[in-house]
$ cat query35.cif   # mmCIF, C-alpha atoms and all ligand atoms
data_structure
loop_
_atom_site.label_atom_id
_atom_site.label_comp_id
_atom_site.auth_asym_id
_atom_site.auth_seq_id
_atom_site.Cartn_x
_atom_site.Cartn_y
_atom_site.Cartn_z
CA MET D 836 62.53 29.40 3.65
CA SER D 837 59.94 26.70 2.90
CA ALA D 838 58.12 24.89 5.70
CA ILE D 839 59.84 21.59 4.89
CA LYS D 840 63.28 23.23 5.06
CA LEU D 841 62.31 24.74 8.43
CA ILE D 842 61.41 21.24 9.68
CA GLU D 843 64.77 20.03 8.40
CA LEU D 844 66.45 22.80 10.43
CA LEU D 845 64.49 21.74 13.53
CA GLY D 846 65.73 18.20 12.92
CA MET D 847 69.34 19.28 12.50
CA ASP D 848 69.48 21.50 15.59
CA GLY D 849 68.27 19.81 18.76
CA GLU D 850 68.19 23.14 20.60
CA LEU D 851 65.91 24.76 18.06
CA THR D 852 62.23 24.31 18.87
CA LEU D 853 59.05 25.42 17.16
CA ASP D 854 58.55 28.25 19.69
CA LYS D 855 62.00 29.68 18.89
CA LEU D 856 61.08 30.21 15.22
CA SER D 857 59.79 33.60 14.12
CA PRO D 858 55.98 33.83 14.19
CA ALA D 859 55.90 33.80 10.39
CA ASP D 860 58.10 30.68 10.12
CA ARG D 861 56.19 28.93 12.89
CA ALA D 862 52.93 29.62 11.09
CA LEU D 863 54.39 28.12 7.90
CA VAL D 864 55.34 24.88 9.68
CA ILE D 865 52.00 24.61 11.49
CA LYS D 866 50.14 25.20 8.23
CA LEU D 867 52.06 22.40 6.48
CA MET D 868 51.44 20.03 9.37
CA GLY D 869 47.71 20.81 9.24
CA GLU D 870 47.58 20.15 5.49
CA LYS D 871 49.42 16.86 5.83
CA GLU D 872 47.18 15.65 8.61
CA GLU D 873 44.23 15.89 6.26
CA GLU D 874 45.97 13.95 3.49
CA ASP D 875 45.62 10.22 3.52
CA ASP D 876 49.06 8.63 3.46
CA GLU D 877 49.04 5.70 1.08
CA VAL D 878 52.25 4.40 2.61
CA ALA D 879 52.01 2.48 5.79
CA PRO D 880 55.68 1.97 5.27
CA ASN D 881 55.95 -1.62 6.32
CA MET D 882 58.52 -3.15 4.11
CA SER D 883 59.32 -6.51 5.55
CA GLN D 884 57.99 -9.55 3.79
CA THR D 885 58.18 -11.41 7.11
CA ALA D 886 60.12 -14.20 5.44
CA SER D 887 56.92 -15.92 6.48
CA PHE D 888 56.86 -18.61 3.89
CA ASP D 889 60.52 -19.15 3.11
CA MET G 1044 84.58 -14.08 -1.47
CA ASN G 1045 88.34 -13.38 -1.87
CA THR G 1046 89.99 -10.11 -2.88
CA MET G 1047 90.51 -11.34 -6.43
CA THR G 1048 86.79 -12.01 -6.90
CA ILE G 1049 85.90 -8.58 -5.55
CA LYS G 1050 88.35 -6.90 -7.97
CA GLN G 1051 86.98 -8.85 -10.94
CA ASP G 1052 83.40 -8.07 -9.97
CA SER G 1053 84.01 -4.34 -9.78
CA ALA G 1054 85.95 -4.42 -13.05
CA THR G 1055 83.01 -6.05 -14.80
CA ALA G 1056 80.57 -3.76 -13.08
CA SER G 1057 82.42 -0.58 -13.95
CA LYS G 1058 82.02 -1.29 -17.68
CA ILE G 1059 78.27 -1.27 -17.30
CA LYS G 1060 76.47 2.04 -16.87
CA GLY G 1061 73.77 2.15 -14.27
CA SER G 1062 74.18 1.71 -10.53
CA ILE G 1063 72.19 1.73 -7.34
CA VAL G 1064 72.93 2.88 -3.80
CA VAL G 1065 70.36 2.13 -1.12
CA VAL G 1066 70.33 4.66 1.71
CA GLY G 1067 68.28 5.42 4.82
CA PRO G 1068 67.32 8.89 6.08
CA GLY G 1069 66.96 7.49 9.62
CA ILE G 1070 63.70 7.99 11.45
CA MET G 1071 63.58 11.72 12.27
CA LEU G 1072 63.41 14.11 9.34
CA GLY G 1073 66.61 16.13 8.99
CA ALA G 1074 68.14 14.71 12.16
CA HIS G 1075 69.43 11.27 11.29
CA ILE G 1076 70.67 11.20 7.71
CA THR G 1077 74.41 10.68 7.25
CA PRO G 1078 76.34 13.25 5.17
CA ARG G 1079 77.29 10.43 2.81
CA SER G 1080 73.71 9.29 2.21
CA ARG G 1081 72.60 12.87 1.70
CA THR G 1082 75.27 13.41 -0.95
CA TYR G 1083 74.27 10.21 -2.75
CA ILE G 1084 70.70 11.52 -2.90
CA GLU G 1085 71.79 14.96 -4.16
CA LYS G 1086 73.96 13.49 -6.92
CA ALA G 1087 71.59 10.79 -8.17
CA ASP G 1088 69.97 10.77 -11.62
CA LEU G 1089 66.82 9.31 -10.09
CA VAL G 1090 65.75 8.86 -6.47
CA PHE G 1091 63.19 6.26 -5.43
CA TYR G 1092 61.73 6.53 -1.97
CA CYS G 1093 59.66 4.52 0.44
CA CYS G 1094 59.23 6.91 3.35
CA PRO G 1095 56.61 8.67 5.47
CA MET G 1096 54.80 11.63 3.93
CA LEU G 1097 56.84 14.68 4.95
CA VAL G 1098 60.13 12.82 4.58
CA ARG G 1099 59.17 12.32 0.94
CA ASP G 1100 58.64 16.07 0.50
CA TRP G 1101 61.98 16.73 2.16
CA ILE G 1102 63.86 14.31 -0.10
CA THR G 1103 62.38 16.11 -3.09
CA THR G 1104 64.09 19.31 -1.86
CA LEU G 1105 67.43 17.47 -2.01
CA ASN G 1106 66.78 16.11 -5.50
CA PRO G 1107 63.69 16.88 -7.58
CA ASN G 1108 63.97 13.70 -9.69
CA THR G 1109 62.03 11.33 -7.47
CA ARG G 1110 59.64 8.40 -7.74
CA ASN G 1111 57.44 7.25 -4.89
CA LEU G 1112 57.60 3.49 -4.35
CA GLY G 1113 54.68 3.89 -1.93
CA GLU G 1114 52.44 3.88 -4.99
CA TYR G 1115 52.80 0.12 -5.20
CA TYR G 1116 51.05 -0.48 -1.87
CA GLY G 1117 47.39 -1.42 -1.83
CA ILE G 1118 45.19 -2.09 1.17
CA GLU G 1119 44.04 -5.52 -0.03
CA LYS G 1120 47.22 -6.27 -2.00
CA ASP G 1121 49.68 -8.94 -0.88
CA ARG G 1122 52.73 -6.98 0.28
CA ARG G 1123 55.01 -9.55 -1.36
CA ILE G 1124 53.71 -8.42 -4.77
CA THR G 1125 54.32 -4.80 -3.79
CA TYR G 1126 57.89 -5.51 -2.75
CA ARG G 1127 58.62 -7.38 -6.00
CA GLU G 1128 57.21 -4.47 -8.02
CA MET G 1129 59.47 -2.08 -6.11
CA VAL G 1130 62.53 -4.15 -7.02
CA ASP G 1131 61.47 -4.30 -10.67
CA ALA G 1132 60.94 -0.53 -10.85
CA MET G 1133 64.36 0.20 -9.37
CA LEU G 1134 66.12 -2.38 -11.55
CA ALA G 1135 64.50 -1.00 -14.70
CA ALA G 1136 66.02 2.42 -13.97
CA VAL G 1137 69.43 0.86 -13.33
CA ARG G 1138 69.21 -1.03 -16.63
CA ASP G 1139 68.42 2.29 -18.32
CA GLY G 1140 71.92 3.34 -17.29
CA LEU G 1141 70.87 5.72 -14.51
CA LYS G 1142 72.67 6.47 -11.26
CA VAL G 1143 69.87 5.36 -8.99
CA VAL G 1144 69.47 5.99 -5.27
CA ALA G 1145 66.76 4.27 -3.24
CA VAL G 1146 65.74 5.82 0.08
CA PHE G 1147 64.00 3.52 2.53
CA TYR G 1148 63.19 5.07 5.89
CA GLY G 1149 65.19 4.19 8.98
CA HIS G 1150 68.05 1.82 8.19
CA PRO G 1151 67.29 0.63 4.65
CA GLY G 1152 68.39 -2.92 5.40
CA VAL G 1153 66.46 -3.39 8.64
CA PHE G 1154 63.20 -5.28 8.18
CA ALA G 1155 63.08 -4.44 4.50
CA TRP G 1156 63.00 -7.04 1.75
CA SER G 1157 63.22 -5.02 -1.47
CA THR G 1158 66.43 -3.24 -0.54
CA HIS G 1159 68.49 -6.39 -0.09
CA LYS G 1160 66.84 -7.99 -3.11
CA VAL G 1161 67.52 -5.12 -5.50
CA ILE G 1162 71.21 -5.09 -4.54
CA GLU G 1163 71.46 -8.85 -5.00
CA GLU G 1164 69.80 -8.76 -8.43
CA ALA G 1165 71.62 -5.64 -9.66
CA ARG G 1166 74.96 -7.22 -8.75
CA ALA G 1167 74.00 -10.46 -10.45
CA GLU G 1168 73.43 -8.45 -13.64
CA GLY G 1169 76.86 -6.82 -13.28
CA TYR G 1170 75.84 -3.40 -11.94
CA THR G 1171 77.46 -1.75 -8.94
CA ALA G 1172 75.12 -1.77 -6.00
CA HIS G 1173 75.55 -1.23 -2.28
CA MET G 1174 73.77 -0.15 0.89
CA GLU G 1175 74.58 2.63 3.33
CA PRO G 1176 73.52 2.14 6.96
CA GLY G 1177 71.04 4.43 8.64
CA ILE G 1178 69.48 4.98 12.07
CA SER G 1179 66.77 2.38 12.60
CA ALA G 1180 63.71 2.33 14.87
CA ASP G 1181 65.48 0.09 17.39
CA ALA G 1182 68.42 2.51 17.55
CA CYS G 1183 65.90 5.19 18.61
CA LEU G 1184 64.19 2.76 20.97
CA TYR G 1185 67.42 2.04 22.85
CA ALA G 1186 67.93 5.77 23.32
CA ASP G 1187 64.35 6.73 24.24
CA MET G 1188 63.58 3.74 26.47
CA GLY G 1189 67.03 3.62 28.10
CA ILE G 1190 67.64 0.05 27.04
CA ASP G 1191 71.12 -1.33 26.46
CA PRO G 1192 70.67 -4.54 24.45
CA ALA G 1193 73.77 -5.91 26.14
CA ARG G 1194 72.27 -5.68 29.65
CA TYR G 1195 70.03 -8.76 29.36
CA GLY G 1196 70.33 -9.52 25.65
CA CYS G 1197 67.74 -8.62 23.05
CA GLN G 1198 65.81 -10.78 20.61
CA SER G 1199 64.27 -9.20 17.54
CA TYR G 1200 61.64 -10.80 15.33
CA GLU G 1201 59.11 -9.83 12.74
CA THR G 1202 55.88 -10.54 14.62
CA SER G 1203 54.13 -12.75 12.09
CA GLN G 1204 57.25 -14.77 11.36
CA PHE G 1205 57.62 -15.20 15.10
CA MET G 1206 54.12 -16.68 15.14
CA PHE G 1207 54.39 -18.84 12.01
CA TYR G 1208 57.55 -20.63 13.10
CA GLN G 1209 58.49 -22.42 16.30
CA ARG G 1210 60.90 -20.12 18.10
CA LYS G 1211 62.66 -20.50 21.39
CA ILE G 1212 61.82 -17.42 23.47
CA ASP G 1213 64.31 -16.43 26.14
CA PRO G 1214 62.24 -14.65 28.85
CA THR G 1215 65.42 -13.47 30.58
CA ALA G 1216 66.19 -11.15 27.63
CA TYR G 1217 64.26 -8.35 25.93
CA LEU G 1218 62.00 -9.35 23.08
CA LEU G 1219 61.30 -6.81 20.33
CA LEU G 1220 58.46 -7.65 17.96
CA TRP G 1221 58.43 -5.60 14.76
CA GLN G 1222 55.33 -4.94 12.69
CA PRO G 1223 53.06 -6.05 15.55
CA ALA G 1224 50.15 -4.30 13.83
CA HIS G 1225 50.25 -7.09 11.22
CA ALA G 1226 50.47 -9.88 13.82
CA GLY G 1227 49.23 -13.16 12.41
CA ASP G 1228 48.17 -11.87 9.00
CA THR G 1229 48.81 -14.89 6.78
CA GLN G 1230 47.75 -12.95 3.67
CA ILE G 1231 50.51 -10.33 4.18
CA LYS G 1232 48.14 -7.45 3.42
CA ASN G 1233 48.81 -3.80 4.09
CA GLN G 1234 46.28 -3.36 6.87
CA PRO G 1235 46.22 -4.09 10.56
CA SER G 1236 45.40 -7.63 11.65
CA THR G 1237 42.23 -8.39 13.59
CA PRO G 1238 41.92 -8.60 17.38
CA ALA G 1239 41.34 -12.36 16.95
CA GLN G 1240 44.62 -12.73 15.07
CA ARG G 1241 46.39 -10.68 17.74
CA GLN G 1242 44.85 -12.77 20.49
CA VAL G 1243 46.70 -15.75 18.98
CA LEU G 1244 49.93 -13.85 19.62
CA VAL G 1245 48.86 -13.07 23.18
CA ASP G 1246 48.12 -16.76 23.80
CA LEU G 1247 51.48 -17.74 22.34
CA LEU G 1248 53.36 -15.23 24.50
CA CYS G 1249 51.39 -16.22 27.60
CA GLU G 1250 52.93 -19.68 27.32
CA THR G 1251 56.14 -17.95 28.45
CA TYR G 1252 55.15 -14.67 30.12
CA PRO G 1253 52.57 -13.91 32.83
CA ALA G 1254 49.36 -12.44 31.34
CA GLU G 1255 49.83 -9.30 33.44
CA HIS G 1256 53.45 -8.80 32.35
CA GLN G 1257 53.94 -5.13 31.43
CA VAL G 1258 54.86 -4.59 27.78
CA ALA G 1259 55.13 -1.42 25.71
CA LEU G 1260 54.30 -0.15 22.25
CA TYR G 1261 57.01 2.24 21.16
CA LYS G 1262 56.96 4.84 18.42
CA ALA G 1263 59.95 7.01 17.58
CA PRO G 1264 59.09 10.48 16.30
CA PHE G 1265 59.35 10.99 12.54
CA LEU G 1266 59.28 14.77 13.00
CA PRO G 1267 61.48 16.91 15.26
CA MET G 1268 58.37 18.57 16.76
CA ASP G 1269 57.05 15.23 18.01
CA LYS G 1270 57.99 13.26 21.11
CA PRO G 1271 58.63 9.52 21.43
CA SER G 1272 55.52 7.57 22.37
CA ILE G 1273 55.83 4.70 24.89
CA ARG G 1274 52.53 3.03 25.84
CA TRP G 1275 52.71 0.48 28.68
CA PHE G 1276 49.97 -2.10 29.21
CA ALA G 1277 49.48 -5.69 30.38
CA LEU G 1278 50.36 -8.33 27.78
CA GLN G 1279 46.82 -9.78 28.03
CA ASP G 1280 45.38 -6.46 26.74
CA PHE G 1281 47.40 -6.41 23.50
CA ALA G 1282 44.59 -7.74 21.30
CA SER G 1283 42.21 -4.94 22.24
CA ILE G 1284 44.62 -2.03 21.79
CA ASP G 1285 44.64 0.15 18.67
CA ILE G 1286 48.09 -0.10 17.12
CA ASP G 1287 49.83 2.31 14.83
CA LEU G 1288 51.34 0.50 11.83
CA VAL G 1289 54.78 1.80 12.76
CA GLU G 1290 54.83 0.89 16.44
CA THR G 1291 57.19 -1.76 17.83
CA LEU G 1292 56.24 -4.09 20.68
CA VAL G 1293 58.75 -4.21 23.53
CA ILE G 1294 58.61 -7.12 25.95
CA PRO G 1295 61.01 -6.70 28.88
CA PRO G 1296 62.57 -9.72 30.58
CA ALA G 1297 60.21 -11.59 32.91
CA GLN G 1298 62.74 -13.87 34.57
CA LYS G 1299 66.21 -13.56 36.06
CA MET G 1300 69.19 -14.79 34.06
CA GLN G 1301 70.35 -18.18 35.32
CA PHE G 1302 74.04 -18.69 35.94
CA ASN G 1303 75.50 -21.48 33.77
CA GLN G 1304 77.42 -23.26 36.52
CA SER G 1305 78.84 -26.08 34.42
CA ILE G 1306 80.34 -23.65 31.88
CA MET G 1307 81.68 -21.49 34.72
CA ASN G 1308 83.32 -24.57 36.25
CA LYS G 1309 84.99 -25.37 32.95
CA LEU G 1310 86.23 -21.79 32.58
CA HIS G 1311 87.51 -21.65 36.16
CA ALA G 1312 89.34 -24.93 35.57
CA LEU G 1313 91.15 -23.32 32.63
CA ASN G 1314 92.38 -20.53 34.90
CA GLN G 1315 93.97 -22.94 37.37
C1 LIG H 1 59.30 -2.67 7.67
S1 LIG H 1 59.91 -2.18 9.18
C2 LIG H 1 60.97 -0.89 8.73
C3 LIG H 1 62.02 -0.58 9.73
C4 LIG H 1 62.97 0.50 9.29
N1 LIG H 1 63.70 0.10 8.11
C5 LIG H 1 63.97 0.84 10.40
O1 LIG H 1 65.16 0.90 10.12
O2 LIG H 1 63.56 1.07 11.52
C6 LIG H 1 58.51 -1.43 9.90
C7 LIG H 1 58.48 -1.68 11.36
O3 LIG H 1 59.57 -1.00 11.97
C8 LIG H 1 59.19 -0.50 13.22
N2 LIG H 1 59.17 0.97 13.14
C9 LIG H 1 59.19 1.72 12.04
N3 LIG H 1 59.14 3.02 12.34
C10 LIG H 1 59.07 3.09 13.67
C11 LIG H 1 59.00 4.16 14.60
N4 LIG H 1 58.94 5.42 14.19
N5 LIG H 1 58.97 3.85 15.90
C12 LIG H 1 59.00 2.57 16.33
N6 LIG H 1 59.06 1.53 15.51
C13 LIG H 1 59.10 1.79 14.19
C14 LIG H 1 57.77 -1.01 13.48
O4 LIG H 1 57.88 -2.27 14.14
C15 LIG H 1 57.24 -1.16 12.07
O5 LIG H 1 56.17 -2.06 12.00
#
$ encode --input "query35.cif" --output "structure tokens" --more "lines below"
Ligand SMILES: C[S@@+](CC[C@H](N)C(=O)[O-])C[C@H]1O[C@@H](n2cnc3c(N)ncnc32)[C@H](O)[C@@H]1O
Amino acid sequence: MSAIKLIELLGMDGELTLDKLSPADRALVIKLMGEKEEEDDEVAPNMSQTASFD
Amino acid sequence: MNTMTIKQDSATASKIKGSIVVVGPGIMLGAHITPRSRTYIEKADLVFYCCPMLVRDWITTLNPNTRNLGEYYGIEKDRRITYREMVDAMLAAVRDGLKVVAVFYGHPGVFAWSTHKVIEEARAEGYTAHMEPGISADACLYADMGIDPARYGCQSYETSQFMFYQRKIDPTAYLLLWQPAHAGDTQIKNQPSTPAQRQVLVDLLCETYPAEHQVALYKAPFLPMDKPSIRWFALQDFASIDIDLVETLVIPPAQKMQFNQSIMNKLHALNQ
């Protein structure tokens, strides 16, 4: 299973935690997290126009 | 709008190919999406998204035909231009006859301009368009901070709008300020405002609240491995604190609710 699907599983099951995954799966998730931390996210997802000047 | 109008609208709309459904994945990846929104994403011809990084990757596993609306942001760019471009991109796909789904994180209609706008404009052109609700940041806040908005009441404002207009603050209720990282940015850019701009907010709030009133910056976790973050500090320190662009400012009540005796008298009189 891909790292992102493992994170989805963690999201879907509140009793499942990173330490309950197999070592191989846990390593996959941690690796993805590490890669993403280095990437610069272009979205600071603020989407409200503030209606500032209506 | 009466039932007749609704029927006519959908009849007109159904003749035109192309549609849009706006959905929200909630805040936490995998945890918050409704089955209905998920199915809309899976069945779409084209999925637009405006979501945090890993949520974008996850949506691509549900449907590989995606376009990232985040590309329209620019650090120095007026966010109003960005939001207009998002609407235009989505509408163009609808006009091409596609079954379009737009995924905006959290609840897609909460503090989001493009989502309401694209539905309004798509409908005006005769296309079917609607929004599905999702779990928003304040829904998480109520859970993580143990706040029931009914207890004292709860006011919610976009921070800059709250500053630009004369509002009546009720210090006996909660006050939630959204997008506090952009407080006082009159150019609506996509970067945090300056400490000087934020100090203007502090001064404004200190007209109503004591400077040492304890307030919190709240961040709900986007990932199931993360924990909620709740940072308490004195209101007067707000300008000097580093803020995450997705944090929400929580200002608890500073005064007791005052009984409205004259209304109570009127109500009691009715009972007699
Ligand atoms: C444009 S609004 C989008 C809100 C989103 N549609 C929702 O339903 O929560 C962005 C603002 O929402 C709030 N927000 C977004 N994500 C958040 C999170 N994870 N925790 C706390 N507040 C958040 C912050 O005030 C942020 O500046």
$ interface_residues --input "query35.cif" --of "chain G" --to "chain D" --cutoff "7 Å" --atoms "only C-alpha atoms" --output "PDB file with C-alpha atoms, in the frame of the given file"
ATOM      1  CA  MET G1071      63.580  11.720  12.270  1.00  0.00           C
ATOM      2  CA  LEU G1072      63.410  14.110   9.340  1.00  0.00           C
ATOM      3  CA  GLY G1073      66.610  16.130   8.990  1.00  0.00           C
ATOM      4  CA  ALA G1074      68.140  14.710  12.160  1.00  0.00           C
ATOM      5  CA  CYS G1093      59.660   4.520   0.440  1.00  0.00           C
ATOM      6  CA  CYS G1094      59.230   6.910   3.350  1.00  0.00           C
ATOM      7  CA  PRO G1095      56.610   8.670   5.470  1.00  0.00           C
ATOM      8  CA  MET G1096      54.800  11.630   3.930  1.00  0.00           C
ATOM      9  CA  TRP G1101      61.980  16.730   2.160  1.00  0.00           C
ATOM     10  CA  GLY G1113      54.680   3.890  -1.930  1.00  0.00           C
ATOM     11  CA  TYR G1116      51.050  -0.480  -1.870  1.00  0.00           C
ATOM     12  CA  ARG G1122      52.730  -6.980   0.280  1.00  0.00           C
ATOM     13  CA  ARG G1123      55.010  -9.550  -1.360  1.00  0.00           C
ATOM     14  CA  PHE G1154      63.200  -5.280   8.180  1.00  0.00           C
ATOM     15  CA  ALA G1155      63.080  -4.440   4.500  1.00  0.00           C
ATOM     16  CA  TRP G1156      63.000  -7.040   1.750  1.00  0.00           C
ATOM     17  CA  GLU G1201      59.110  -9.830  12.740  1.00  0.00           C
ATOM     18  CA  SER G1203      54.130 -12.750  12.090  1.00  0.00           C
ATOM     19  CA  GLN G1204      57.250 -14.770  11.360  1.00  0.00           C
ATOM     20  CA  PHE G1207      54.390 -18.840  12.010  1.00  0.00           C
ATOM     21  CA  PRO G1267      61.480  16.910  15.260  1.00  0.00           C
ATOM     22  CA  MET G1268      58.370  18.570  16.760  1.00  0.00           C
ATOM     23  CA  LEU G1288      51.340   0.500  11.830  1.00  0.00           C
TER      24      LEU G1288
END
$ axis_aligned_box --input "query35.cif" --around "ligand LIG 1 (chain H)" --padding-each-side "3 Å" --output "lines of an AutoDock Vina configuration file"
center_x = 60.7
center_y = 1.4
center_z = 12.0
size_x = 15.0
size_y = 14.1
size_z = 14.7
$ atom_distance --input "query35.cif" --atom1 "CA of Leu1089 in chain G" --atom2 "CA of Arg1110 in chain G"
7.6 Å
$ residues_near_point --input "query35.cif" --point "(67.6, 1.8, -1.9)" --cutoff "9 Å" --atoms "all atoms listed in the file" --output "mmCIF file with C-alpha atoms, in the frame of the given file"
data_model
loop_
_atom_site.group_PDB
_atom_site.id
_atom_site.type_symbol
_atom_site.label_atom_id
_atom_site.label_comp_id
_atom_site.auth_asym_id
_atom_site.auth_seq_id
_atom_site.Cartn_x
_atom_site.Cartn_y
_atom_site.Cartn_z
ATOM 1 C CA ILE G 1063 72.190 1.730 -7.340
ATOM 2 C CA VAL G 1064 72.930 2.880 -3.800
ATOM 3 C CA VAL G 1065 70.360 2.130 -1.120
ATOM 4 C CA VAL G 1066 70.330 4.660 1.710
ATOM 5 C CA GLY G 1067 68.280 5.420 4.820
ATOM 6 C CA VAL G 1090 65.750 8.860 -6.470
ATOM 7 C CA PHE G 1091 63.190 6.260 -5.430
ATOM 8 C CA TYR G 1092 61.730 6.530 -1.970
ATOM 9 C CA CYS G 1093 59.660 4.520 0.440
ATOM 10 C CA MET G 1133 64.360 0.200 -9.370
ATOM 11 C CA VAL G 1143 69.870 5.360 -8.990
ATOM 12 C CA VAL G 1144 69.470 5.990 -5.270
ATOM 13 C CA ALA G 1145 66.760 4.270 -3.240
ATOM 14 C CA VAL G 1146 65.740 5.820 0.080
ATOM 15 C CA PHE G 1147 64.000 3.520 2.530
ATOM 16 C CA PRO G 1151 67.290 0.630 4.650
ATOM 17 C CA GLY G 1152 68.390 -2.920 5.400
ATOM 18 C CA SER G 1157 63.220 -5.020 -1.470
ATOM 19 C CA THR G 1158 66.430 -3.240 -0.540
ATOM 20 C CA HIS G 1159 68.490 -6.390 -0.090
ATOM 21 C CA VAL G 1161 67.520 -5.120 -5.500
ATOM 22 C CA ILE G 1162 71.210 -5.090 -4.540
ATOM 23 C CA HIS G 1173 75.550 -1.230 -2.280
ATOM 24 C CA MET G 1174 73.770 -0.150 0.890
ATOM 25 C CA GLU G 1175 74.580 2.630 3.330
#
$ atom_distance --input "query35.cif" --atom1 "CA of Leu856 in chain D" --atom2 "CA of Asn1106 in chain G"
25.7 Å
$ closest_atom_pairs --input "query35.cif" --of "chain G" --to "ligand LIG 1 (chain H)" --cutoff "8 Å" --atoms "all atoms listed in the file" --output "tab-separated table"
residue	atom	partner	partner_atom	distance
G:Gly1067	CA	H:LIG1	O1	7.6
G:Gly1069	CA	H:LIG1	O1	6.8
G:Ile1070	CA	H:LIG1	N4	6.1
G:Phe1147	CA	H:LIG1	N1	6.6
G:Tyr1148	CA	H:LIG1	N1	5.5
G:Gly1149	CA	H:LIG1	O1	3.5
G:His1150	CA	H:LIG1	O1	3.6
G:Pro1151	CA	H:LIG1	N1	5.0
G:Gly1152	CA	H:LIG1	N1	6.2
G:Val1153	CA	H:LIG1	N1	4.5
G:Phe1154	CA	H:LIG1	S1	4.6
G:Ala1155	CA	H:LIG1	C1	5.2
G:Gly1177	CA	H:LIG1	O1	7.0
G:Ile1178	CA	H:LIG1	O1	6.3
G:Ser1179	CA	H:LIG1	O1	3.3
G:Ala1180	CA	H:LIG1	O2	3.6
G:Asp1181	CA	H:LIG1	O2	6.3
G:Ala1182	CA	H:LIG1	O2	7.9
G:Cys1183	CA	H:LIG1	N5	7.6
G:Leu1184	CA	H:LIG1	C12	7.0
G:Glu1201	CA	H:LIG1	O4	7.8
G:Leu1220	CA	H:LIG1	O4	6.6
G:Trp1221	CA	H:LIG1	O4	3.4
G:Gln1222	CA	H:LIG1	O5	3.1
G:Pro1223	CA	H:LIG1	O5	6.2
G:Ala1224	CA	H:LIG1	O5	6.7
G:His1225	CA	H:LIG1	O5	7.8
G:Tyr1261	CA	H:LIG1	C12	5.2
G:Lys1262	CA	H:LIG1	N5	3.4
G:Ala1263	CA	H:LIG1	N5	3.7
G:Pro1264	CA	H:LIG1	N4	5.5
G:Phe1265	CA	H:LIG1	N4	5.8
G:Pro1271	CA	H:LIG1	N5	7.9
G:Leu1288	CA	H:LIG1	O5	5.5
G:Val1289	CA	H:LIG1	C15	3.9
G:Glu1290	CA	H:LIG1	N6	4.4
G:Thr1291	CA	H:LIG1	O4	3.8
G:Leu1292	CA	H:LIG1	O4	7.0
$ atom_distance --input "query35.cif" --atom1 "CA of Thr1109 in chain G" --atom2 "CA of Tyr1170 in chain G"
20.7 Å
$ residues_around --input "query35.cif" --residues "Asp1213 in chain G" --least-positions-apart "4" --cutoff "9 Å" --atoms "all atoms listed in the file" --output "list in words"
Gln1198, Tyr1217, Leu1218, Thr1251, Pro1296 and Gln1298 of chain G
$ residues_around --input "query35.cif" --residues "Asn1108 in chain G" --least-positions-apart "4" --cutoff "10 Å" --atoms "only C-alpha atoms" --output "compact mmCIF listing (two decimals) with C-alpha atoms, in the frame of the given file"
# COMPACT_ATOMS: atom_id res chain seq x y z
CA ILE G 1084 70.70 11.52 -2.90
CA GLU G 1085 71.79 14.96 -4.16
CA ALA G 1087 71.59 10.79 -8.17
CA ASP G 1088 69.97 10.77 -11.62
CA LEU G 1089 66.82 9.31 -10.09
CA VAL G 1090 65.75 8.86 -6.47
CA PHE G 1091 63.19 6.26 -5.43
CA ILE G 1102 63.86 14.31 -0.10
CA THR G 1103 62.38 16.11 -3.09
CA THR G 1104 64.09 19.31 -1.86
$ residues_around --input "query35.cif" --residues "Gln1240 in chain G" --least-positions-apart "2" --cutoff "9 Å" --atoms "all atoms listed in the file" --output "PyMOL selection string"
chain G and resi 1225-1228+1236-1238+1242-1244+1282
